[in-house]
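Enquirer: Okay, so here is query.txt, and as you'll see once you scroll down, it has compact mmCIF, C-alpha atoms.
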# COMPACT_ATOMS: atom_id res chain seq x y z
CA ARG A 1293 -14.10 -15.34 -15.94
CA ARG A 1294 -17.53 -16.94 -15.50
CA ALA A 1295 -18.39 -15.76 -19.01
CA GLY A 1296 -15.23 -17.44 -20.33
CA GLU A 1297 -13.27 -14.22 -20.86
CA ALA A 1298 -9.48 -14.48 -20.45
CA ASP A 1299 -7.69 -12.39 -17.81
CA GLU A 1300 -5.68 -10.54 -20.47
CA ALA A 1301 -8.86 -9.46 -22.24
CA ILE A 1302 -10.46 -8.36 -18.98
CA VAL A 1303 -7.43 -6.29 -17.98
CA SER A 1304 -7.26 -4.77 -21.47
CA ARG A 1305 -10.86 -3.61 -21.17
CA VAL A 1306 -10.88 -2.64 -17.47
CA PRO A 1307 -7.33 -1.91 -16.19
CA LEU A 1308 -8.63 -1.41 -12.63
CA VAL A 1309 -8.90 -5.17 -12.21
CA LEU A 1310 -5.09 -5.36 -12.19
CA ALA A 1311 -5.54 -4.89 -8.43
CA LEU A 1312 -7.19 -8.32 -8.29
CA VAL A 1313 -4.43 -10.34 -10.00
CA PRO A 1314 -0.73 -10.73 -9.07
CA PRO A 1315 1.99 -9.17 -11.22
CA ARG A 1316 4.15 -11.49 -13.28
CA VAL A 1317 7.25 -11.06 -15.39
CA GLY A 1318 6.30 -12.24 -18.85
CA PRO A 1319 4.90 -11.06 -22.17
CA PRO A 1320 2.48 -8.30 -21.15
CA GLY A 1321 -1.06 -8.03 -22.38
CA SER A 1322 -2.25 -4.92 -24.15
CA LEU A 1323 -3.92 -2.01 -22.39
CA PRO A 1324 -6.53 0.29 -23.89
CA PRO A 1325 -5.27 3.52 -25.45
CA VAL A 1326 -5.26 6.51 -23.12
CA ARG A 1327 -5.82 9.88 -24.73
CA VAL A 1328 -4.33 12.58 -22.54
CA THR A 1329 -4.48 16.26 -23.37
CA PRO A 1330 -2.72 19.04 -21.50
CA GLY A 1331 -4.66 20.01 -18.42
CA ASP A 1332 -6.42 16.65 -17.98
CA PRO A 1333 -6.53 15.60 -14.32
CA ALA A 1334 -4.74 12.45 -13.17
CA PRO A 1335 -6.88 9.34 -12.55
CA ASP A 1336 -8.85 9.98 -9.35
CA VAL A 1337 -8.83 7.21 -6.75
CA ARG A 1338 -10.12 9.39 -3.91
CA ALA A 1339 -13.49 7.67 -4.09
CA LEU A 1340 -11.81 4.51 -2.78
CA ALA A 1341 -11.09 3.80 0.86
CA PRO A 1342 -7.49 4.84 1.75
CA ARG A 1343 -6.31 1.22 2.07
CA GLU A 1344 -7.77 0.22 -1.30
CA ALA A 1345 -6.47 3.36 -3.02
CA LEU A 1346 -2.96 2.66 -1.72
CA ARG A 1347 -3.24 -0.99 -2.78
CA LEU A 1348 -4.32 -0.02 -6.29
CA ARG A 1349 -1.50 2.53 -6.68
CA ALA A 1350 1.04 -0.05 -5.44
CA ARG A 1351 -0.31 -2.64 -7.88
CA TRP A 1352 0.05 -0.24 -10.79
CA LEU A 1353 3.69 0.31 -9.81
CA ASP A 1354 4.19 -3.46 -9.59
CA GLU A 1355 2.83 -3.79 -13.12
CA LEU A 1356 5.16 -1.11 -14.45
CA ALA A 1357 8.14 -2.80 -12.79
CA ALA A 1358 7.22 -6.22 -14.18
CA ARG A 1359 6.75 -4.84 -17.70
CA ALA A 1360 10.05 -2.95 -17.50
CA ALA A 1361 11.85 -6.12 -16.37
CA TRP A 1362 10.38 -8.09 -19.28
CA GLU A 1363 11.38 -5.42 -21.81
CA ILE A 1364 14.93 -5.37 -20.42
CA CYS A 1365 15.00 -9.15 -20.69
CA ARG A 1366 13.77 -9.03 -24.28
CA ARG A 1367 16.54 -6.64 -25.26
CA LEU A 1368 19.22 -8.65 -23.43
CA ARG A 1369 18.08 -11.81 -25.23
CA ALA A 1370 18.19 -9.99 -28.59
CA ALA A 1371 21.77 -9.01 -27.76
CA GLY A 1372 22.64 -12.61 -26.93
CA ARG A 1373 23.32 -11.91 -23.27
CA LEU A 1374 20.46 -13.95 -21.78
CA GLY A 1375 19.52 -17.39 -23.00
CA SER A 1376 15.92 -17.59 -21.85
CA GLY A 1377 13.09 -15.21 -21.17
CA ASP A 1378 12.53 -16.84 -17.79
CA ASP A 1379 16.09 -16.03 -16.67
CA VAL A 1380 15.13 -12.53 -15.63
CA ARG A 1381 12.94 -14.00 -12.87
CA PHE A 1382 16.05 -15.37 -11.14
CA LEU A 1383 17.89 -12.04 -11.01
CA GLY A 1384 17.71 -9.39 -8.32
CA TRP A 1385 17.19 -5.77 -9.25
CA GLU A 1386 20.84 -4.89 -8.50
CA GLU A 1387 22.04 -7.80 -10.64
CA LEU A 1388 19.75 -6.77 -13.48
CA GLY A 1389 21.06 -3.21 -13.29
CA TRP A 1390 24.62 -4.53 -13.31
CA ILE A 1391 23.97 -6.58 -16.47
CA VAL A 1392 22.25 -3.67 -18.21
CA GLY A 1393 25.33 -1.56 -17.43
CA GLY A 1394 27.57 -4.09 -19.16
CA GLY A 1395 28.36 -6.42 -16.27
CA ALA A 1396 28.55 -10.18 -16.58
CA VAL A 1397 25.63 -12.51 -15.99
CA PRO A 1398 26.04 -14.36 -12.64
CA ASP A 1399 27.81 -17.70 -13.00
CA ASP A 1400 25.19 -19.51 -10.92
CA LEU A 1401 22.21 -18.41 -13.01
CA GLY A 1402 21.85 -21.90 -14.47
CA SER A 1403 21.63 -23.52 -11.05
CA ARG A 1404 19.10 -20.92 -9.94
CA ARG A 1405 16.97 -21.82 -12.93
CA ALA A 1406 17.15 -25.52 -12.09
CA GLY A 1407 16.09 -24.71 -8.57
CA ARG A 1408 15.66 -27.01 -5.63
CA PRO A 1409 12.35 -27.22 -3.77
CA SER A 1410 12.66 -25.98 -0.22
CA ALA A 1411 10.95 -27.45 2.79
CA PRO A 1412 7.59 -25.85 3.64
CA LEU A 1413 7.77 -23.12 6.26
CA PRO A 1414 6.38 -23.88 9.72
CA ALA A 1415 3.08 -22.23 10.60
CA THR A 1416 4.88 -19.95 13.08
CA PHE A 1417 8.60 -19.15 12.98
CA ARG A 1418 11.21 -16.46 13.45
CA LEU A 1419 14.28 -15.60 11.41
CA THR A 1420 17.78 -15.50 12.89
CA PRO A 1421 20.12 -12.62 11.92
CA SER A 1422 21.56 -14.93 9.23
CA GLY A 1423 18.11 -15.65 7.80
CA ALA A 1424 17.69 -19.19 9.16
CA VAL A 1425 14.13 -20.33 9.95
CA VAL A 1426 13.50 -21.25 13.59
CA PRO A 1427 10.10 -22.87 14.34
CA GLN A 1428 8.12 -21.32 17.17
CA GLY A 1429 6.07 -23.42 19.56
CA PRO A 1430 2.28 -23.04 19.87
CA PRO A 1431 1.01 -20.41 22.33
CA ALA A 1432 -0.31 -21.46 25.71
CA GLY A 1433 -3.73 -23.10 25.41
CA GLY A 1434 -3.22 -24.02 21.72
CA GLY A 1435 -4.97 -20.91 20.43
CA GLY A 1436 -3.75 -18.13 18.22
CA THR A 1437 -4.08 -14.39 17.73
CA GLY A 1438 -7.52 -12.83 17.72
CA ALA A 1439 -8.16 -10.74 14.62
CA GLY A 1440 -11.61 -9.45 15.60
CA GLY A 1441 -15.25 -10.22 14.94
CA GLY A 1442 -16.35 -11.58 18.33
CA ARG A 1443 -17.18 -15.21 19.21
CA ALA A 1444 -18.66 -17.97 17.06
CA GLU A 1445 -19.44 -21.68 17.09
CA GLY A 1446 -19.90 -23.90 14.07
CA PRO A 1447 -18.76 -26.97 12.12
CA VAL A 1448 -15.27 -27.07 10.64
CA ARG A 1449 -14.89 -26.84 6.88
CA LEU A 1450 -11.52 -27.04 5.13
CA GLU A 1451 -10.37 -25.20 2.01
CA GLY A 1452 -11.99 -26.74 -1.06
CA ASP A 1453 -15.09 -27.89 0.85
CA ARG A 1454 -18.54 -26.74 -0.11
CA LEU A 1455 -19.30 -23.93 2.34
CA GLY A 1456 -22.64 -23.02 3.85
CA PRO A 1457 -24.02 -20.45 6.30
CA GLY A 1458 -22.75 -21.01 9.82
CA ASP A 1459 -19.59 -22.91 8.82
CA ILE A 1460 -16.16 -22.12 10.27
CA LEU A 1461 -13.49 -22.22 7.56
CA VAL A 1462 -10.11 -23.55 8.75
CA VAL A 1463 -7.17 -22.94 6.38
CA ARG A 1464 -3.41 -23.04 6.40
CA VAL A 1465 -2.87 -19.77 4.51
CA LEU A 1466 -5.00 -16.61 4.40
CA SER A 1467 -5.33 -16.45 0.63
CA PRO A 1468 -7.02 -13.28 -0.69
CA ALA A 1469 -8.81 -15.55 -3.19
CA LEU A 1470 -11.00 -16.77 -0.32
CA ALA A 1471 -12.59 -13.32 0.18
CA PRO A 1472 -15.78 -14.19 -1.79
CA GLU A 1473 -16.38 -17.09 0.62
CA LEU A 1474 -16.49 -14.90 3.75
CA PRO A 1475 -20.10 -13.64 3.66
CA GLY A 1476 -22.27 -16.12 5.54
CA LEU A 1477 -19.41 -17.86 7.36
CA ALA A 1478 -19.63 -18.15 11.13
CA GLY A 1479 -15.87 -17.80 11.50
CA LEU A 1480 -12.39 -18.09 10.03
CA VAL A 1481 -9.30 -19.83 11.48
CA SER A 1482 -5.85 -19.86 9.88
CA GLU A 1483 -2.56 -21.53 10.75
CA THR A 1484 -0.61 -18.56 9.39
CA GLY A 1485 -1.10 -14.84 8.80
CA SER A 1486 -1.53 -11.81 11.01
CA THR A 1487 -4.24 -9.38 11.98
CA LEU A 1488 -3.06 -7.17 9.08
CA SER A 1489 -3.40 -9.91 6.44
CA HIS A 1490 -5.75 -8.82 3.66
CA LEU A 1491 -8.23 -11.65 4.25
CA ALA A 1492 -8.25 -11.02 8.00
CA ILE A 1493 -9.00 -7.34 7.41
CA VAL A 1494 -11.87 -8.15 5.02
CA ALA A 1495 -13.26 -10.71 7.48
CA ARG A 1496 -13.12 -8.16 10.28
CA GLU A 1497 -14.92 -5.58 8.15
CA LEU A 1498 -17.66 -8.15 7.47
CA GLY A 1499 -17.96 -8.99 11.18
CA VAL A 1500 -16.71 -12.58 10.73
CA PRO A 1501 -14.93 -13.80 13.91
CA THR A 1502 -11.33 -14.53 12.91
CA VAL A 1503 -8.35 -16.14 14.64
CA VAL A 1504 -4.93 -16.33 12.95
CA ALA A 1505 -1.60 -18.02 13.75
CA VAL A 1506 -3.19 -21.21 15.13
CA PRO A 1507 -0.51 -23.93 14.75
CA ASP A 1508 -1.59 -27.17 13.04
CA ALA A 1509 -5.24 -26.06 12.93
CA THR A 1510 -6.00 -28.06 9.78
CA ASP A 1511 -4.70 -31.21 11.47
CA ARG A 1512 -6.09 -30.59 14.96
CA PHE A 1513 -9.69 -29.96 13.96
CA ARG A 1514 -11.62 -32.54 11.94
CA ARG A 1515 -13.96 -31.75 9.08
CA GLY A 1516 -17.46 -31.39 10.57
CA GLU A 1517 -16.23 -31.02 14.14
CA ARG A 1518 -17.90 -28.15 16.01
CA ILE A 1519 -15.44 -25.61 17.38
CA VAL A 1520 -15.73 -22.35 19.31
CA ILE A 1521 -13.52 -19.41 18.32
CA ASP A 1522 -13.02 -16.02 19.92
CA GLY A 1523 -11.81 -13.24 17.64
CA ARG A 1524 -10.86 -11.12 20.66
CA THR A 1525 -8.74 -13.53 22.72
CA GLY A 1526 -7.59 -15.92 19.98
CA GLU A 1527 -9.13 -18.91 21.78
CA VAL A 1528 -10.02 -21.93 19.60
CA THR A 1529 -11.58 -24.96 21.31
CA SER A 1530 -13.52 -28.05 20.29
CA ALA A 1531 -17.15 -27.96 21.45
CA ASP A 1532 -17.58 -31.65 20.56
CA ARG A 1533 -14.63 -32.80 22.65
CA SER A 1534 -15.71 -30.63 25.60
CA GLN A 1535 -19.11 -32.32 25.53
CA GLU A 1536 -17.44 -35.75 25.38
CA VAL A 1537 -15.36 -34.96 28.48
CA SER A 1538 -18.33 -33.52 30.42
CA SER A 1539 -20.47 -36.61 29.70
CA ARG A 1540 -17.95 -39.01 31.18
Output the file's structure in the form of structure tokens.
Expert:
Amino acid sequence: RRAGEADEAIVSRVPLVLALVPPRVGPPGSLPPVRVTPGDPAPDVRALAPREALRLRARWLDELAARAAWEICRRLRAAGRLGSGDDVRFLGWEELGWIVGGGAVPDDLGSRRAGRPSAPLPATFRLTPSGAVVPQGPPAGGGGTGAGGGRAEGPVRLEGDRLGPGDILVVRVLSPALAPELPGLAGLVSETGSTLSHLAIVARELGVPTVVAVPDATDRFRRGERIVIDGRTGEVTSADRSQEVSSR
């Protein structure tokens, strides 16, 4: 990307990087030809760590599913049964199978396409048996869940800020795209996510103290404010405010 190469061209040349981009239902890019002769071994991913090997295999399956869905959509459009290529994105797998078997397109497909933006999810919530979202209150002490890495103190930086060594990055969502920012950070705090989130796992492997599920963290802690986090207990406190109280 830094050299100006498009994602489609990169994937075409090095299919392994599919693991770094999300699947999408749309016109697929080309892949390099694969010449297989009888007796050739299958692609070997045993050199990867088990978690990364599983992730790569799952991503390949995602890509196959997305490409199959787009091809089905293309054929349904050619037959006059779907009006838009994007329509397939609003169908479930069972519905798509029903249509392929000759069933009717759902009557509400047009309203699904129009869509209505939903309210943002709370940082912590639970689902009722009917699927309703119920907000959960912050844990005692206002902290979160420790994801490992020990203790750290440093100034708060928010997503999009210029980061430097010793900063503590405070975000709302643990986006995997933030992984390149982890080396050099003093710590990581997130309003959402779990100890098994990809970014939390990478941070733990790099020894970066990490606390997840801290409600309203991006509002509670100001840019530049020094905070103390504990990746074992989930404690997140303001060092600046503690010093203000002790000086009174």
Enquirer: Find the residue from A:Val1465, A:Ala1531, A:Ala1439, A:Leu1450 that sits nearest to Val1494 (chain A); use all atoms listed in the file when measuring.
Expert: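 Looking only at the distances to Val1494 (chain A), the closest residue turns out to be A:Ala1439.
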Enquirer: Could you check the closest approach to Arg1359 (chain A) for each of A:Arg1373, A:Arg1533, A:Arg1347, A:Arg1316 and tell me which residue wins, using all atoms listed in the file?
Expert: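 Ranking A:Arg1373, A:Arg1533, A:Arg1347, A:Arg1316 by distance to Arg1359 (chain A), first place goes to A:Arg1316.
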Enquirer: With a distance cut-off of 8 Å and all atoms listed in the file, select the neighbouring residues of region 1472-1486 of chain A, excluding the residue or stretch itself and same-chain residues fewer than 2 positions from it, and output the selection as a VMD selection string.
Expert: chain A and resid 1415 to 1416 1437 1439 1444 to 1446 1455 to 1466 1469 to 1470 1488 to 1489 1492 1495 1498 1500 to 1510 1521
Enquirer: State, in Å with one decimal place, the distance from CA of Leu1312 (chain A) to CA of Arg1351 (chain A).
Expert: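 Taking CA of Leu1312 (chain A) and CA of Arg1351 (chain A), their separation equals 8.9 Å.
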Enquirer: Could you list, as a PyMOL selection string, every residue within 9 Å of Ile1364 (chain A), counting all atoms listed in the file and ignoring same-chain residues fewer than 3 positions away?
Expert: chain A and resi 1359-1361+1367-1369+1380+1388+1392
Enquirer: To one decimal place in Å, what is the distance between CA of Gly1440 (chain A) and CA of Arg1343 (chain A)?
Expert: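 According to the coordinates, CA of Gly1440 (chain A) and CA of Arg1343 (chain A) are separated by 18.0 Å.
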Enquirer: I'd like to know which of A:Val1306, A:Ile1519, A:Leu1340, A:Leu1346 is closest to Arg1449 (chain A), using all atoms listed in the file.
Expert: A:Ile1519
Enquirer: Just to confirm, what's the straight-line distance from CA of Ala1350 (chain A) to CA of Gly1389 (chain A) in Å (one decimal)?
Expert: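 Interatomic distance here is 21.7 Å.
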Enquirer: Using all atoms listed in the file for the distances, tell me which of A:Ala1357, A:Leu1383, A:Glu1497, A:Arg1515 is nearest to Asp1400 (chain A).
Expert: A:Leu1383
Enquirer: Looking at all atoms listed in the file, which of A:Gly1318, A:Val1520, A:Gly1384, A:Gly1435 is the one that sits closest to Glu1355 (chain A)?
Expert: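 Ranked by minimum distance to Glu1355 (chain A), first place goes to A:Gly1318.
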Enquirer: Write out as an MDAnalysis selection string each polymer residue whose atoms come within 12 Å of Arg1404 (chain A), counting all atoms listed in the file; drop sequence neighbours fewer than 5 positions from it.
Expert: chainID A and resid 1378:1384 1398:1399 1409
